file target.txt (compact mmCIF, C-alpha atoms)
# COMPACT_ATOMS: atom_id res chain seq x y z
CA MET A 1 -33.30 -49.04 -36.51
CA LYS A 2 -34.36 -45.95 -34.74
CA ASP A 3 -32.44 -42.75 -35.22
CA LYS A 4 -30.53 -41.74 -32.14
CA LYS A 5 -31.88 -38.50 -30.84
CA HIS A 6 -29.12 -36.03 -30.56
CA LEU A 7 -29.00 -32.80 -28.71
CA SER A 8 -28.61 -29.52 -30.44
CA VAL A 9 -25.16 -28.68 -29.12
CA SER A 10 -23.97 -28.53 -32.66
CA ALA A 11 -22.48 -25.64 -34.53
CA ILE A 12 -23.89 -22.16 -34.13
CA GLU A 13 -24.73 -19.92 -37.02
CA ASN A 14 -23.39 -16.71 -35.53
CA GLY A 15 -21.67 -16.05 -32.24
CA THR A 16 -18.67 -17.02 -30.19
CA VAL A 17 -17.23 -20.33 -29.09
CA ILE A 18 -14.95 -20.26 -26.07
CA ASP A 19 -12.78 -23.35 -25.93
CA HIS A 20 -10.06 -24.61 -23.58
CA ILE A 21 -11.65 -23.43 -20.36
CA PRO A 22 -10.41 -25.46 -17.36
CA ALA A 23 -13.47 -27.53 -16.40
CA GLN A 24 -13.38 -26.44 -12.77
CA ASN A 25 -13.56 -22.78 -13.81
CA LEU A 26 -16.44 -23.02 -16.24
CA PHE A 27 -18.95 -21.35 -13.95
CA LYS A 28 -16.49 -18.62 -13.05
CA VAL A 29 -16.15 -17.83 -16.75
CA ILE A 30 -19.92 -17.74 -17.05
CA THR A 31 -20.20 -15.38 -14.10
CA ILE A 32 -17.34 -13.11 -15.13
CA LEU A 33 -18.75 -12.68 -18.63
CA GLY A 34 -22.27 -12.25 -17.26
CA LEU A 35 -23.56 -15.12 -19.42
CA ASP A 36 -26.05 -16.00 -16.71
CA ARG A 37 -27.77 -12.68 -17.24
CA ILE A 38 -28.16 -12.47 -21.01
CA PRO A 39 -31.06 -13.72 -23.14
CA ASN A 40 -28.86 -15.36 -25.81
CA GLN A 41 -28.92 -19.06 -26.52
CA ILE A 42 -25.98 -20.66 -24.77
CA THR A 43 -24.78 -24.24 -24.79
CA PHE A 44 -21.89 -25.61 -22.86
CA GLY A 45 -20.11 -28.86 -22.32
CA THR A 46 -17.81 -29.67 -19.49
CA ASN A 47 -15.44 -32.42 -18.30
CA LEU A 48 -14.41 -33.03 -21.89
CA GLU A 49 -11.07 -34.69 -22.50
CA SER A 50 -8.24 -32.26 -23.12
CA LYS A 51 -4.57 -32.96 -23.67
CA LEU A 52 -3.70 -29.49 -22.49
CA LEU A 53 -5.95 -29.17 -19.44
CA GLY A 54 -6.99 -32.66 -18.43
CA LYS A 55 -10.65 -31.77 -18.29
CA LYS A 56 -11.90 -28.83 -20.24
CA ALA A 57 -15.11 -26.99 -20.83
CA ILE A 58 -16.47 -25.28 -23.90
CA VAL A 59 -19.15 -22.61 -24.22
CA LYS A 60 -21.05 -21.58 -27.32
CA ILE A 61 -22.93 -18.33 -27.25
CA ALA A 62 -25.22 -17.51 -30.12
CA ASP A 63 -25.31 -13.99 -31.56
CA LYS A 64 -22.80 -12.61 -29.15
CA TYR A 65 -19.37 -11.09 -29.75
CA PHE A 66 -16.98 -9.81 -27.12
CA GLU A 67 -14.77 -6.78 -26.89
CA ARG A 68 -11.09 -7.38 -26.25
CA ASP A 69 -11.28 -5.88 -22.71
CA GLU A 70 -14.31 -7.93 -21.91
CA ILE A 71 -12.69 -11.19 -22.92
CA ASN A 72 -9.46 -10.46 -21.08
CA ARG A 73 -11.42 -10.51 -17.86
CA ILE A 74 -11.50 -14.29 -18.03
CA ALA A 75 -7.71 -14.51 -18.35
CA LEU A 76 -7.41 -15.05 -14.60
CA VAL A 77 -9.49 -18.21 -14.63
CA ALA A 78 -8.94 -19.43 -18.18
CA PRO A 79 -5.53 -18.23 -19.33
CA HIS A 80 -5.45 -20.70 -22.23
CA ALA A 81 -8.94 -20.01 -23.50
CA LYS A 82 -9.34 -19.69 -27.24
CA LEU A 83 -12.21 -17.87 -28.88
CA ASN A 84 -13.64 -18.69 -32.23
CA ILE A 85 -15.73 -15.99 -33.78
CA ILE A 86 -18.40 -17.60 -35.89
CA LYS A 87 -20.18 -15.91 -38.74
CA ASN A 88 -22.54 -17.87 -40.92
CA TYR A 89 -21.24 -21.21 -39.53
CA GLU A 90 -17.67 -20.29 -40.42
CA VAL A 91 -14.85 -19.47 -38.05
CA THR A 92 -13.93 -15.99 -39.20
CA GLU A 93 -11.49 -15.08 -36.45
CA LYS A 94 -9.64 -16.70 -33.57
CA MET A 95 -8.69 -14.86 -30.42
CA LEU A 96 -6.52 -15.75 -27.47
CA VAL A 97 -7.03 -14.16 -24.10
CA GLU A 98 -4.35 -11.93 -22.66
CA VAL A 99 -3.81 -11.19 -19.02
CA PRO A 100 -4.65 -7.47 -18.76
CA ASN A 101 -2.53 -4.87 -16.94
CA ASP A 102 -5.37 -3.87 -14.67
CA ILE A 103 -8.22 -5.82 -13.15
CA SER A 104 -11.32 -4.21 -11.78
CA GLY A 105 -14.34 -5.73 -10.09
CA ILE A 106 -13.59 -9.40 -10.68
CA VAL A 107 -11.42 -10.56 -7.81
CA LYS A 108 -11.63 -9.87 -4.10
CA CYS A 109 -8.61 -8.46 -2.28
CA VAL A 110 -7.08 -11.08 -0.01
CA ASN A 111 -6.52 -8.57 2.80
CA PRO A 112 -9.48 -8.58 5.20
CA LYS A 113 -8.42 -5.14 6.43
CA CYS A 114 -8.57 -3.64 2.93
CA ILE A 115 -11.13 -0.89 2.32
CA THR A 116 -12.62 -2.97 -0.52
CA ASN A 117 -13.60 -5.62 2.02
CA VAL A 118 -14.89 -3.13 4.57
CA GLU A 119 -16.92 -0.66 2.53
CA ASN A 120 -18.71 -0.81 -0.76
CA VAL A 121 -15.64 -0.11 -2.90
CA THR A 122 -14.91 -1.95 -6.17
CA PRO A 123 -11.60 -3.81 -5.89
CA LYS A 124 -8.96 -2.77 -8.42
CA PHE A 125 -5.59 -4.33 -9.05
CA LYS A 126 -2.42 -3.93 -11.04
CA VAL A 127 -1.23 -7.22 -12.49
CA VAL A 128 2.35 -7.43 -11.21
CA ASP A 129 3.11 -10.89 -12.57
CA LYS A 130 1.36 -12.07 -15.70
CA ASN A 131 2.67 -15.62 -15.61
CA SER A 132 1.71 -16.57 -12.10
CA VAL A 133 -1.08 -13.94 -12.18
CA SER A 134 -0.41 -12.05 -9.01
CA LEU A 135 -2.33 -8.88 -8.32
CA LYS A 136 -1.39 -5.80 -6.34
CA CYS A 137 -4.32 -4.03 -4.74
CA HIS A 138 -4.76 -0.45 -5.92
CA TYR A 139 -5.95 0.50 -2.44
CA CYS A 140 -4.12 -1.45 0.27
CA GLU A 141 -1.13 -2.45 -1.95
CA LYS A 142 -1.19 -6.06 -0.76
CA ILE A 143 -0.60 -8.90 -3.19
CA THR A 144 -3.35 -11.38 -4.03
CA ASP A 145 -1.95 -14.47 -5.69
CA GLN A 146 -3.67 -17.14 -7.76
CA GLU A 147 -3.92 -19.50 -4.82
CA HIS A 148 -5.91 -17.00 -2.75
CA MET A 149 -8.08 -15.59 -5.48
CA GLU A 150 -11.76 -15.33 -4.73
CA TYR A 151 -14.17 -14.08 -7.34
CA LEU A 152 -16.85 -11.51 -6.77
CA MET B 153 2.02 18.94 -5.71
CA LYS B 154 -0.64 21.65 -5.78
CA ASN B 155 -4.14 20.24 -5.19
CA ARG B 156 -2.80 16.71 -5.17
CA SER B 157 -3.41 14.21 -2.42
CA LEU B 158 -0.49 12.57 -0.65
CA VAL B 159 -1.43 8.96 -0.03
CA ALA B 160 1.82 6.99 -0.46
CA ILE B 161 5.45 7.99 -0.50
CA ASN B 162 5.79 6.80 -4.09
CA ASP B 163 3.19 9.36 -5.16
CA LEU B 164 6.11 11.80 -5.03
CA SER B 165 8.94 12.01 -7.52
CA ARG B 166 12.52 12.41 -6.33
CA ASP B 167 12.36 16.11 -7.19
CA GLU B 168 9.13 16.55 -5.25
CA ILE B 169 10.68 14.86 -2.23
CA PHE B 170 13.58 17.30 -2.41
CA ARG B 171 11.18 20.20 -2.74
CA VAL B 172 9.38 19.11 0.46
CA LEU B 173 12.69 18.75 2.32
CA ASP B 174 13.99 22.13 1.10
CA LEU B 175 10.80 23.89 2.07
CA ALA B 176 10.80 22.17 5.47
CA GLU B 177 14.30 23.57 5.95
CA GLU B 178 13.01 27.02 5.08
CA PHE B 179 10.23 26.66 7.67
CA GLU B 180 12.72 25.49 10.26
CA LYS B 181 14.69 28.72 9.77
CA ASN B 182 11.58 30.83 9.74
CA PRO B 183 8.68 28.90 11.29
CA ILE B 184 6.16 31.67 11.77
CA GLN B 185 4.70 32.50 8.38
CA ARG B 186 0.99 33.17 8.39
CA ILE B 187 0.45 31.94 4.86
CA MET B 188 -2.42 29.62 5.80
CA GLU B 189 -4.62 32.41 7.12
CA GLY B 190 -8.23 31.75 6.09
CA LYS B 191 -7.52 28.09 5.40
CA VAL B 192 -9.23 25.30 7.31
CA VAL B 193 -7.62 21.90 7.70
CA ALA B 194 -9.72 18.97 8.88
CA THR B 195 -7.91 16.34 10.93
CA LEU B 196 -10.02 13.19 10.80
CA PHE B 197 -8.55 10.59 13.13
CA PHE B 198 -10.67 7.46 12.89
CA GLU B 199 -8.22 5.90 15.31
CA PRO B 200 -6.29 7.81 17.93
CA SER B 201 -2.73 8.89 17.18
CA THR B 202 -2.11 11.81 19.45
CA ARG B 203 1.45 12.46 18.34
CA THR B 204 0.69 12.59 14.64
CA ARG B 205 -2.44 14.67 15.14
CA LEU B 206 -0.72 17.23 17.36
CA SER B 207 2.16 17.46 14.92
CA PHE B 208 -0.22 18.28 12.05
CA GLU B 209 -2.23 20.69 14.18
CA SER B 210 0.92 22.44 15.37
CA ALA B 211 2.02 22.77 11.74
CA VAL B 212 -1.31 24.33 10.72
CA ASN B 213 -1.29 26.69 13.69
CA LYS B 214 2.24 27.89 12.98
CA LEU B 215 1.17 28.81 9.47
CA GLY B 216 -1.90 30.69 10.72
CA GLY B 217 -4.52 28.20 9.57
CA ARG B 218 -7.40 26.75 11.57
CA VAL B 219 -8.09 23.14 12.45
CA ILE B 220 -11.36 21.23 12.77
CA GLY B 221 -11.80 17.53 13.26
CA PHE B 222 -12.06 14.61 15.62
CA SER B 223 -9.49 12.50 17.39
CA GLU B 224 -11.28 9.17 17.48
CA ALA B 225 -14.13 7.56 15.58
CA SER B 226 -16.40 7.15 18.60
CA THR B 227 -16.94 10.91 18.81
CA SER B 228 -17.87 11.22 15.15
CA SER B 229 -20.81 10.16 13.01
CA VAL B 230 -18.84 7.05 12.03
CA SER B 231 -20.13 5.50 15.22
CA LYS B 232 -23.63 5.99 13.79
CA GLY B 233 -22.65 3.93 10.78
CA GLU B 234 -21.79 6.66 8.28
CA THR B 235 -19.65 5.46 5.38
CA LEU B 236 -16.18 6.86 4.82
CA LYS B 237 -17.32 8.35 1.53
CA ASP B 238 -20.13 10.29 3.19
CA THR B 239 -17.85 11.54 5.96
CA ILE B 240 -15.29 12.73 3.42
CA LEU B 241 -17.84 14.39 1.12
CA THR B 242 -19.35 16.19 4.09
CA VAL B 243 -16.12 17.34 5.69
CA ALA B 244 -14.77 18.45 2.31
CA ASN B 245 -17.46 21.15 2.42
CA TYR B 246 -15.95 22.55 5.59
CA SER B 247 -12.25 22.38 4.78
CA ASP B 248 -9.51 23.09 2.25
CA LEU B 249 -7.52 19.98 3.03
CA ILE B 250 -8.20 16.77 4.93
CA VAL B 251 -5.62 14.98 7.05
CA MET B 252 -6.84 11.47 7.67
CA ARG B 253 -5.79 8.61 9.90
CA HIS B 254 -7.78 5.42 9.45
CA PRO B 255 -7.30 1.81 10.60
CA VAL B 256 -8.50 0.36 7.29
CA GLU B 257 -5.82 -0.22 4.65
CA GLY B 258 -6.37 1.59 1.38
CA SER B 259 -8.86 3.96 3.00
CA ALA B 260 -6.70 6.98 2.18
CA ARG B 261 -6.42 6.09 -1.52
CA TYR B 262 -10.17 5.63 -1.64
CA ALA B 263 -10.79 8.90 0.20
CA SER B 264 -8.53 10.70 -2.28
CA GLU B 265 -10.65 9.35 -5.14
CA VAL B 266 -13.96 10.55 -3.74
CA SER B 267 -12.81 13.79 -2.11
CA PRO B 268 -13.03 17.14 -3.90
CA VAL B 269 -10.27 18.49 -1.62
CA PRO B 270 -6.77 16.99 -1.26
CA ILE B 271 -6.21 14.21 1.29
CA VAL B 272 -3.03 13.81 3.29
CA ASN B 273 -2.69 10.27 4.56
CA ALA B 274 -1.64 10.24 8.20
CA GLY B 275 -1.57 6.45 8.28
CA ASP B 276 -3.93 3.86 6.81
CA GLY B 277 -3.60 0.72 8.89
CA ALA B 278 -0.35 -1.11 8.23
CA ASN B 279 -0.13 0.37 4.75
CA GLN B 280 1.28 3.88 4.27
CA HIS B 281 2.28 6.86 6.38
CA PRO B 282 4.10 9.11 3.93
CA THR B 283 4.57 12.17 6.15
CA GLN B 284 6.46 9.97 8.61
CA THR B 285 8.75 8.86 5.80
CA LEU B 286 9.32 12.44 4.69
CA LEU B 287 10.21 13.56 8.19
CA ASP B 288 12.58 10.60 8.46
CA LEU B 289 14.23 11.63 5.21
CA TYR B 290 14.43 15.20 6.46
CA SER B 291 16.06 14.02 9.70
CA ILE B 292 18.52 11.84 7.83
CA ARG B 293 19.51 14.58 5.41
CA LYS B 294 19.81 17.10 8.20
CA THR B 295 22.06 14.94 10.36
CA GLN B 296 24.13 13.44 7.56
CA GLY B 297 24.21 16.42 5.20
CA LYS B 298 23.11 14.15 2.35
CA LEU B 299 20.85 11.27 1.46
CA ASP B 300 23.16 9.37 -0.86
CA ASN B 301 25.35 6.36 -0.05
CA LEU B 302 24.36 5.97 3.60
CA LYS B 303 24.41 2.88 5.77
CA ILE B 304 21.02 2.42 7.42
CA VAL B 305 20.59 -0.07 10.24
CA MET B 306 16.99 -1.03 11.00
CA VAL B 307 16.21 -2.68 14.30
CA GLY B 308 13.23 -4.43 15.86
CA ASP B 309 9.98 -5.36 14.18
CA LEU B 310 10.95 -5.38 10.52
CA LYS B 311 8.12 -7.65 9.48
CA TYR B 312 5.13 -5.50 10.35
CA GLY B 313 6.86 -2.14 10.74
CA ARG B 314 5.24 0.19 8.25
CA THR B 315 7.75 2.97 8.85
CA VAL B 316 10.77 0.81 8.09
CA HIS B 317 9.22 -0.51 4.90
CA SER B 318 8.46 2.96 3.56
CA LEU B 319 11.85 4.23 4.63
CA LEU B 320 13.53 1.33 2.88
CA MET B 321 11.65 2.10 -0.33
CA ALA B 322 12.51 5.77 -0.11
CA MET B 323 16.19 5.31 0.79
CA SER B 324 16.66 2.73 -1.93
CA GLN B 325 16.47 5.64 -4.37
CA PHE B 326 19.64 7.02 -2.81
CA ASN B 327 21.99 4.05 -3.08
CA ALA B 328 21.71 3.17 0.59
CA SER B 329 23.01 -0.06 2.09
CA PHE B 330 21.04 -1.73 4.84
CA THR B 331 21.50 -3.89 7.89
CA PHE B 332 18.39 -5.58 9.26
CA ILE B 333 18.50 -6.59 12.91
CA SER B 334 15.47 -8.44 14.21
CA PRO B 335 14.31 -11.61 15.89
CA ALA B 336 13.90 -14.43 13.38
CA GLU B 337 10.14 -14.18 13.61
CA LEU B 338 10.08 -10.50 12.67
CA ARG B 339 12.49 -10.47 9.74
CA MET B 340 12.26 -8.06 6.84
CA PRO B 341 9.75 -9.60 4.40
CA LEU B 342 11.12 -11.26 1.30
CA GLU B 343 9.43 -8.83 -1.09
CA TYR B 344 11.56 -5.96 0.23
CA LYS B 345 14.77 -7.95 0.05
CA MET B 346 13.92 -8.97 -3.51
CA TYR B 347 13.34 -5.32 -4.31
CA LEU B 348 16.83 -4.46 -3.03
CA ASP B 349 18.29 -7.36 -4.99
CA GLU B 350 16.68 -6.03 -8.13
CA LEU B 351 18.26 -2.65 -7.56
CA GLY B 352 21.59 -4.24 -6.71
CA LEU B 353 21.64 -2.68 -3.24
CA LYS B 354 23.50 -4.40 -0.43
CA TYR B 355 21.91 -5.63 2.78
CA GLU B 356 22.81 -7.87 5.69
CA GLU B 357 20.60 -9.62 8.21
CA HIS B 358 21.53 -10.22 11.83
CA THR B 359 19.90 -11.10 15.09
CA ASP B 360 22.45 -9.39 17.33
CA LEU B 361 22.13 -5.67 18.00
CA ALA B 362 25.32 -4.47 19.72
CA GLU B 363 27.67 -6.12 17.24
CA ASN B 364 26.17 -4.70 14.10
CA ILE B 365 25.77 -0.96 14.53
CA LYS B 366 29.44 0.08 14.41
CA ASP B 367 29.51 1.19 10.78
CA ALA B 368 25.98 2.68 10.78
CA ASP B 369 25.18 6.23 9.73
CA ILE B 370 21.60 5.85 10.95
CA VAL B 371 20.22 3.38 13.48
CA TYR B 372 16.47 3.26 13.05
CA MET B 373 14.82 1.66 16.10
CA THR B 374 11.31 0.21 16.23
CA ARG B 375 9.33 -1.51 18.91
CA VAL B 376 9.08 -5.28 19.21
CA GLN B 377 5.49 -5.85 20.28
CA ARG B 378 4.27 -8.84 22.20
CA GLU B 379 1.13 -9.22 20.10
CA ARG B 380 3.23 -9.85 16.96
CA PHE B 381 4.40 -13.20 18.24
CA SER B 382 2.39 -16.34 17.62
CA ASP B 383 4.31 -18.03 20.42
CA PRO B 384 4.52 -15.98 23.65
CA MET B 385 7.62 -17.98 24.66
CA GLU B 386 9.42 -16.62 21.62
CA TYR B 387 8.62 -13.09 22.74
CA GLU B 388 9.94 -13.72 26.24
CA LYS B 389 13.18 -15.01 24.76
CA VAL B 390 13.86 -12.01 22.54
CA LYS B 391 12.16 -9.11 24.31
CA ASN B 392 15.32 -7.79 25.90
CA ALA B 393 17.61 -8.48 22.98
CA TYR B 394 16.57 -5.43 20.99
CA ILE B 395 17.00 -2.70 23.56
CA LEU B 396 19.53 -0.06 22.63
CA LYS B 397 21.71 0.99 25.57
CA ASN B 398 24.16 3.81 25.86
CA TYR B 399 27.25 1.59 26.19
CA MET B 400 26.47 0.07 22.78
CA LEU B 401 27.06 3.45 21.16
CA GLU B 402 30.73 3.27 22.03
CA GLY B 403 32.81 2.86 18.91
CA THR B 404 29.99 3.88 16.59
CA LYS B 405 30.66 6.54 13.94
CA PRO B 406 30.64 10.16 15.17
CA ASN B 407 28.02 11.13 12.60
CA MET B 408 25.73 8.25 13.61
CA ARG B 409 22.27 9.19 14.85
CA VAL B 410 19.56 7.11 16.50
CA LEU B 411 16.07 7.57 15.08
CA HIS B 412 12.74 6.23 16.30
CA PRO B 413 9.22 7.01 15.03
CA LEU B 414 7.95 7.21 18.65
CA PRO B 415 6.23 6.37 20.92
CA ARG B 416 9.10 4.55 22.55
CA VAL B 417 8.37 2.02 25.23
CA ASN B 418 11.60 0.44 26.39
CA GLU B 419 13.47 -0.36 23.18
CA ILE B 420 15.77 2.62 23.67
CA ASN B 421 17.09 2.77 27.19
CA THR B 422 16.62 6.21 28.73
CA ASP B 423 20.39 6.45 29.27
CA VAL B 424 20.68 6.92 25.51
CA ASP B 425 18.65 10.16 25.71
CA GLU B 426 21.67 12.09 27.00
CA SER B 427 23.86 10.97 24.12
CA PRO B 428 24.46 13.49 21.34
CA LYS B 429 23.65 10.60 19.02
CA ALA B 430 20.05 10.42 20.27
CA TYR B 431 17.98 12.23 17.70
CA TYR B 432 14.41 10.94 18.13
CA PHE B 433 12.93 13.98 19.87
CA THR B 434 14.39 16.37 17.33
CA GLN B 435 13.08 13.99 14.69
CA ALA B 436 9.58 14.59 16.08
CA LEU B 437 10.14 18.34 15.87
CA ASN B 438 11.22 17.92 12.26
CA GLY B 439 7.83 16.36 11.67
CA VAL B 440 6.20 19.72 12.23
CA TYR B 441 8.39 21.48 9.63
CA THR B 442 7.92 18.66 7.16
CA ARG B 443 4.14 18.75 7.54
CA MET B 444 4.13 22.53 7.19
CA ALA B 445 5.96 22.07 3.91
CA ILE B 446 3.65 19.33 2.64
CA MET B 447 0.48 21.29 3.39
CA ALA B 448 1.87 24.57 2.03
CA LEU B 449 2.78 22.86 -1.26
CA ILE B 450 -0.54 21.05 -1.60
CA LEU B 451 -2.51 24.21 -0.87
CA GLY B 452 -0.41 26.03 -3.45
CA LEU B 453 0.81 28.56 -0.88
CA LYS B 454 4.41 27.78 -1.79
CA LYS B 455 5.83 26.56 -5.05
call {"tool": "encode", "arguments": {"input": "target.txt", "output": "structure tokens"}}
result
Amino acid sequence: MKDKKHLSVSAIENGTVIDHIPAQNLFKVITILGLDRIPNQITFGTNLESKLLGKKAIVKIADKYFERDEINRIALVAPHAKLNIIKNYEVTEKMLVEVPNDISGIVKCVNPKCITNVENVTPKFKVVDKNSVSLKCHYCEKITDQEHMEYL
Amino acid sequence: MKNRSLVAINDLSRDEIFRVLDLAEEFEKNPIQRIMEGKVVATLFFEPSTRTRLSFESAVNKLGGRVIGFSEASTSSVSKGETLKDTILTVANYSDLIVMRHPVEGSARYASEVSPVPIVNAGDGANQHPTQTLLDLYSIRKTQGKLDNLKIVMVGDLKYGRTVHSLLMAMSQFNASFTFISPAELRMPLEYKMYLDELGLKYEEHTDLAENIKDADIVYMTRVQRERFSDPMEYEKVKNAYILKNYMLEGTKPNMRVLHPLPRVNEINTDVDESPKAYYFTQALNGVYTRMAIMALILGLKK
């Protein structure tokens, strides 16, 4: 019998594994964290069975660790994401994401008449409701809710 | 307030609001004080608002300052495609303070972040117009002798009306109770009612005008505009229902005053003008004193 060839999506030696990403938001997570612009080795799987999410995605990034602020940026699209910090094939730390108090440069303001949609101004928000994730624009003061969120 | 921009009414603490009102009162008693001599105020009106602009310019003139600026975007470099940031950075070189009116929401906050001189927001789209709110507060305090525990009746377009929203936020700090009178389509938005609920402040909602102003201390009128209605039939049905007429003032409280941010079209019948309860033109005059106070405090000419 021939050995089945299997892909190298196996464990990483050092780096970060982000688990429990809703499958439909995988590419948003990739964009928000800028994973499409770094030279590191990255593997991901998507549409995996998940009791919690239905379909989930998982991303493994070799030789990369994230700052708390950096990782909280994905809270809007992956509020249940769990990070495993891997060192020498061992999980040395687990992190959960937290919805931050302020959001800057991730989401577009829903108001077409907002300065951030008219001129080259980075959108900034205060998170006014962490459960439903609703955002109050720092500039026009309008609320952008989860349903109307568009990512930059 | 020295060197600070005034973008939204909630940029000011309760004490700062009182300071503005007290100083406005001082200017009303003694309006000619040439404390702004040598100061230049730029009035940048990216959309026309003659009333507001003249009020600011009158305020600067009374204090001995000079005014530069434009009254609509088409006569400025904006029409050549200049960004707001560039306009502000340039004009800041020529002036000690910038008064700005702009149709884009949040433009004033942004301008205040890029400008080396303080910005006074004279209206940014449907968002904020804090000097209007301060002059409303001044008018209310002046006519009622206090700001606390008043009954405020708001009439007309309560959905889109920027002035009523800001006034509601400001008066909610003073234990006010509210009556909202509007067509069903232009009701006070839920977020404001929830805000009052949170504070435990009372409010009622009605669609009938004449019946519901008897116990008011202040009747704050706004215009019901045709373009706010998705269905023109709806507008036709309600357009005459929110016109205040002199006979309706019968039986209202003696201290009651009618306010309106102006311009009025037909929502206050001209027969109300003769009533001692009509206060809207004096309210506009109060705007000058209030703006004198705001600019004097921001420029550090008064403490």
call {"tool": "interface_residues", "arguments": {"input": "target.txt", "of": "chain B", "to": "chain A", "cutoff": "6 Å", "atoms": "only C-alpha atoms", "output": "PyMOL selection string"}}
result
chain B and resi 256-259+261
call {"tool": "closest_residue", "arguments": {"input": "target.txt", "among": "B:Tyr432, B:Tyr355, B:Tyr344, B:Tyr262", "to": "Leu302 of chain B", "atoms": "all atoms listed in the file"}}
result
B:Tyr355
call {"tool": "residues_around", "arguments": {"input": "target.txt", "residues": "Val230 of chain B", "least_positions_apart": "4", "cutoff": "12 Å", "atoms": "all atoms listed in the file", "output": "list in words"}}
result
Leu196, Phe197, Phe198, Glu199, Phe222, Glu224, Ala225, Ser226, Glu234, Thr235, Leu236, Lys237, Asp238, Thr239, Ile240 and His254 of chain B
call {"tool": "atom_distance", "arguments": {"input": "target.txt", "atom1": "atom CA of Lys94 of chain A", "atom2": "atom CA of Leu53 of chain A"}}
result
19.2 Å
call {"tool": "atom_distance", "arguments": {"input": "target.txt", "atom1": "atom CA of Leu396 of chain B", "atom2": "atom CA of Leu173 of chain B"}}
result
28.5 Å
call {"tool": "residues_around", "arguments": {"input": "target.txt", "residues": "Ile143 of chain A", "least_positions_apart": "5", "cutoff": "8 Å", "atoms": "all atoms listed in the file", "output": "list in words"}}
result
Val110, Ser134, Leu135, Lys136 and Cys137 of chain A
call {"tool": "atom_distance", "arguments": {"input": "target.txt", "atom1": "atom CA of Ala322 of chain B", "atom2": "atom CA of Phe208 of chain B"}}
result
21.6 Å
call {"tool": "closest_residue", "arguments": {"input": "target.txt", "among": "B:Asp288, B:Pro341, B:Tyr312, B:Val390", "to": "Leu414 of chain B", "atoms": "all atoms listed in the file"}}
result
B:Asp288
call {"tool": "closest_residue", "arguments": {"input": "target.txt", "among": "B:Lys455, B:Lys354, B:Arg205, B:Arg378", "to": "Arg443 of chain B", "atoms": "only C-alpha atoms"}}
result
B:Arg205
call {"tool": "closest_residue", "arguments": {"input": "target.txt", "among": "A:Val91, A:Leu83, A:Val107, A:Leu96", "to": "Val17 of chain A", "atoms": "all atoms listed in the file"}}
result
A:Leu83
call {"tool": "residues_around", "arguments": {"input": "target.txt", "residues": "segment 66-75 of chain A", "least_positions_apart": "6", "cutoff": "12 Å", "atoms": "only C-alpha atoms", "output": "count of residues only"}}
result
45
